[in-house]
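Only one structure is covered here, and it is reproduced in the block below.
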Amino acid sequence: MLAGAAVPGAWPLPPPPVAEAATDSIFLKTDAGTERVRFAELLFVEGYGNFVKCHLASGRALLTAETMKQMESQLPAGQVLRIHKSCLVKLASVERLSSTYRQDVLRHLK
């Protein structure tokens, strides 16, 4: 019998489990080293050229050498809104949106 060939009358084997990436946190390289940041603590992200500053609920801000595009790809899709080319906001942190992009959104964070 050929390897991998189906045996008549046998049930197909279930596919092997796929390891899913943890989406509750990200790792950021900072001057102090690599820090784990839980997505629940992240309020918004500001772009500074090839750097981003991640603002946390604790009041801390972490600067890391990543682009906005790289940061956006690491965050859970559908839970982050890019309100400007240099600003990402966690939707759960927004209470109200208005016409001026950044100052009003930042002012209305929970």
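Residue numbers start at 1 in each chain; chains themselves are named A, B, ... in the order of the structure tokens; ligands are numbered from 1 in the order shown.
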
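Near Ala57 (chain A), within 12 Å and counting only C-alpha atoms, sit Val37, Arg38, Phe39, Ala40, Glu41, Leu42, Leu43, Phe44, Val45, Lys90, Ser93, Leu109 and Lys110 of chain A, not including residues fewer than 6 positions from it in the same chain.
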
Output file for the selection above: N, CA and C atoms, as a compact mmCIF listing (two decimals), in the first residue's frame:
```txt
# COMPACT_ATOMS: atom_id res chain seq x y z
N VAL A 37 3.63 44.20 25.67
CA VAL A 37 2.54 45.15 25.89
C VAL A 37 1.23 44.43 25.58
N ARG A 38 0.36 44.37 26.57
CA ARG A 38 -0.95 43.76 26.37
C ARG A 38 -1.82 44.72 25.57
N PHE A 39 -2.55 44.15 24.61
CA PHE A 39 -3.39 44.98 23.77
C PHE A 39 -4.44 45.73 24.60
N ALA A 40 -4.89 45.15 25.69
CA ALA A 40 -5.88 45.81 26.54
C ALA A 40 -5.35 47.11 27.14
N GLU A 41 -4.03 47.24 27.30
CA GLU A 41 -3.42 48.43 27.88
C GLU A 41 -3.11 49.52 26.85
N LEU A 42 -3.12 49.16 25.58
CA LEU A 42 -2.78 50.11 24.53
C LEU A 42 -3.95 51.05 24.25
N LEU A 43 -3.69 52.36 24.25
CA LEU A 43 -4.72 53.34 23.92
C LEU A 43 -4.61 53.77 22.46
N PHE A 44 -3.43 54.29 22.10
CA PHE A 44 -3.23 54.73 20.72
C PHE A 44 -1.76 54.71 20.38
N VAL A 45 -1.47 54.81 19.09
CA VAL A 45 -0.11 54.75 18.56
C VAL A 45 0.10 55.97 17.67
N LYS A 90 -7.16 52.43 19.34
CA LYS A 90 -7.91 51.23 19.68
C LYS A 90 -9.39 51.62 19.80
N SER A 93 -11.29 52.16 23.02
CA SER A 93 -10.90 53.31 23.83
C SER A 93 -11.59 54.60 23.41
N LEU A 109 -10.78 59.83 24.59
CA LEU A 109 -10.48 58.46 25.01
C LEU A 109 -11.06 58.21 26.38
N LYS A 110 -11.48 56.99 26.60
CA LYS A 110 -12.08 56.65 27.90
C LYS A 110 -11.09 56.82 29.02
```

- Within 8 Å of Leu63 (chain A), counting only C-alpha atoms, which residues show up once you throw out same-chain ones fewer than 4 positions away? Write them as an NGL selection string, please. :A and (30 or 51-54)

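Among A:Pro76, A:His84, A:Thr34, A:Glu46, the residue with the shortest atom-to-atom distance to Ala61 (chain A), counting only C-alpha atoms, is A:Glu46.
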
- Message: Neighbouring residues of Ser86 (chain A) were defined as those with any atom within 10 Å, considering only C-alpha atoms; residues of the same chain fewer than 4 positions away were excluded. Please report them as a ChimeraX atom specification.
- Response: /A:45-49,52,67-69,82,102

- Task: Rank nothing, just name the residue among A:Arg96, A:Asn50, A:Leu88, A:Ala32 nearest to Leu75 (chain A), using only C-alpha atoms.
- Result: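 The shortest atom-to-atom distance to Leu75 (chain A) comes from A:Leu88.
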
- Can you tell me how far CA of His55 (chain A) sits from CA of Val89 (chain A), in Å to one decimal?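 Interatomic distance, CA of His55 (chain A) to CA of Val89 (chain A): 9.8 Å.
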
- Message: So the first atom is CA of Leu91 (chain A) and the second is CA of Ala77 (chain A); what is the distance between them in Å, to one decimal place?
- Response: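 Here the two named atoms are 10.8 Å from each other.
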
- strand (DSSP E or B) call set, DSSP backbone run, region 37-73 of chain A, as a list in words: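 Here are the strand (DSSP E or B) residues of region 37-73 of chain A: Val37, Arg38, Leu42, Leu43, Phe44, Val45, Glu46, Gly47, Tyr48, Phe51, Val52, Lys53, Cys54, His55, Leu56, Ala61, Leu62, Leu63 and Thr64 of chain A.
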
- Query: Between A:Glu95, A:Cys87, A:Gln74, A:Glu66, which is the closest to Ser25 (chain A) once you count only C-alpha atoms?
  - Reply: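 The answer is A:Gln74, which sits nearest to Ser25 (chain A).
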
- Coordinates-based distance that separates CA of Asp31 (chain A) from CA of Thr64 (chain A) (Å, one decimal):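 Distance reported for this atom pair: 7.9 Å.
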